[in-house]
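Engineer: Below is one structure. I have some questions about it.
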Amino acid sequence: MNSRNTKGTGNWRDRTPQLLTLFLLISCAFCVPFVAQQQLPLEPSRDTGASVTGAFEGWFKNNDGSFSLLVGYFNRNQKQTLDIPIGPDNHIDPGGPDQGQPTHFLPRRQWGVFTVTVPKDFGNKRLTWTITANGQTTTVPLHVDPLWIITPYEDAGVGNTPPVVRFQPGATAFTGPPRDIAQSLNVKVNQELPLTVWVTDDGKIPPEARPRQGPPANITWSKFKGPGSVTFENARPAVAMEDGKASTTANFSAAGEYIIRLQANDASGDGGGGFQCCWTNLHVKVVVAP
């Protein structure tokens, strides 16, 4: 009995190097796709022809108990702007296809461009955003996993908060991620639409951000969705130091309903430097008559 046990132990020890080698080989077989996936961002960038992927950036709780899912996207093209209508090539399921997502995709990474509100009993359900661009289909899940909770209205580390945007001094303040329509406007085709906002910020600078000179925030206007093209006199108008006023105009090439997006960034930069705070996005609805 003892000799058999001793022999068995000896055989196990003799096989340990081989078993370890086998384990490593099996592990590496599973590692290859992961490594390849990690190397994708290092591949040469393309001006056109690449895919567009939705970017789930986390969720936060609303005062009424519901949850907001914060979503951006990554257009992998350096120069190609894409218009992808709501439908087979741009849909959020279940409950879609339209749940407030953009149809106009600017090049490269765009942060927190829209939110989807889900009920407080959403639990472990999931939505999926599917985009087909340049013949390539991508899908991203949207959920309320506790690991993805974010605080977009305040950086807990330094107390930084997003810029505040108003359409008139002393009027309603808009800050943080977009919810609903901030303002509705009307204009005619090829008629200039004045766009004026007042922007303020707390001036707090995260330690990783570069010291800022000039106004504490800057803004960018862009098309979010609509049937025609939108041309801005200056998509990045200067924000006045004395009162935060910034003005430009927009021109619409075709009749229909549009949404244009205003993004305001403080010193933390695009997407808050990846921390989901502190920037402001808001949507403006524009009905364009013939």
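We label chains A, B, ... in the order they appear in the structure tokens, count residues from 1 in each chain, and number ligands from 1 in the order shown.
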If we count only C-alpha atoms and set the cut-off at 12 Å, which residues sit around stretch 139-150 of chain A, ignoring sequence neighbours fewer than 4 positions away in its own chain? Please answer as number ranges by chain.
Structural biologist: A: 51-62, 66-74, 89-94, 112, 115-133, 154-156, 176-177, 272, 274-278
Engineer: Please, which residues of stretch 55-214 of chain A, numbered as in this document, come out strand (DSSP E) from DSSP, as JSON, numbers by chain?
Structural biologist: {"A": [55, 56, 57, 58, 59, 60, 61, 67, 68, 69, 70, 71, 72, 73, 74, 75, 82, 83, 90, 91, 92, 93, 104, 105, 108, 109, 110, 111, 112, 113, 114, 115, 116, 117, 118, 127, 128, 129, 130, 131, 132, 133, 136, 137, 138, 139, 140, 141, 142, 164, 165, 166, 183, 184, 185, 186, 187, 188, 193, 194, 195, 196, 197, 198, 199, 200]}
Engineer: Excluding same-chain residues fewer than 3 positions from A:Lys285, what lies within 6 Å of it counting only C-alpha atoms, as a ChimeraX atom specification?
Structural biologist: /A:184,258-259
Engineer: Mind giving me the straight-line distance from atom CA of A:Asn281 to atom CA of A:Arg179 in Å, one decimal?
Structural biologist: 8.8 Å
Engineer: Got a sec: who's within 10 Å of A:Pro207, counting only C-alpha atoms, leaving out chain neighbours fewer than 5 positions off, as a ChimeraX atom specification?
Structural biologist: /A:157-158,268
Engineer: Would you work out the distance separating atom CA of A:Ile260 from atom CA of A:Trp221, expressed in Å to one decimal?
Structural biologist: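 One can read the atom CA of A:Ile260 to atom CA of A:Trp221 distance as 7.1 Å.
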Engineer: Compile the contact shell of A:Asn186 as a PyMOL selection string: residues with an atom at most 7 Å away, counting only C-alpha atoms, same-chain residues fewer than 6 positions apart removed.
Structural biologist: chain A and resi 286-288
Engineer: Between A:Gly256, A:Gly273, A:Pro107, A:Gly96, single out the one closest to A:Lys188, counting only C-alpha atoms.
Structural biologist: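 Answer, going by the shortest atom-to-atom distance: A:Gly256.
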Engineer: Measuring atom to atom with only C-alpha atoms, identify which of A:Thr220, A:Thr151, A:Gln183, A:Asp47 is nearest to A:Ala171.
Structural biologist: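 Smallest separation from A:Ala171 among the options: A:Gln183.
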Engineer: Applying 12 Å and only C-alpha atoms, which residues near A:Gln168 remain after dropping the ones on its own chain fewer than 6 positions away? List them as a PyMOL selection string.
Structural biologist: chain A and resi 174+183+195-199+243-247
Engineer: What's the 12 Å shell around A:Gly228, counting only C-alpha atoms, without same-chain residues fewer than 3 positions away, as a PyMOL selection string?
Structural biologist: chain A and resi 83+85+103-104+189-190+223-225+231+251-260+287-288
Engineer: Using the selection just defined, write its residues with C-alpha atoms as a compact mmCIF listing (two decimals), in the first residue's frame.
Structural biologist:
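Okay, this is what ended up in result_30.txt:
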# COMPACT_ATOMS: atom_id res chain seq x y z
CA ASP A 83 -24.79 59.33 -42.25
CA PRO A 85 -30.34 56.39 -40.95
CA THR A 103 -27.47 59.17 -37.47
CA HIS A 104 -24.53 61.47 -38.26
CA VAL A 189 -33.81 76.15 -45.95
CA ASN A 190 -30.59 78.08 -46.67
CA LYS A 223 -24.95 67.81 -36.61
CA PHE A 224 -26.49 64.91 -34.67
CA LYS A 225 -29.21 63.80 -37.09
CA THR A 231 -23.00 74.17 -42.18
CA ASN A 251 -27.40 76.77 -42.38
CA PHE A 252 -29.50 73.74 -43.39
CA SER A 253 -29.49 72.36 -46.93
CA ALA A 254 -32.84 70.54 -46.91
CA ALA A 255 -36.23 70.77 -45.23
CA GLY A 256 -37.06 68.46 -42.35
CA GLU A 257 -36.37 67.86 -38.68
CA TYR A 258 -32.82 68.05 -37.35
CA ILE A 259 -31.02 67.70 -34.04
CA ILE A 260 -27.76 69.54 -33.58
CA VAL A 287 -37.45 72.27 -37.78
CA VAL A 288 -36.46 73.47 -41.24
Engineer: What gap, in Å, lies between atom CA of A:Ala217 and atom CA of A:Gly269?
Structural biologist: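 Going from atom CA of A:Ala217 over to atom CA of A:Gly269, I get 9.3 Å.
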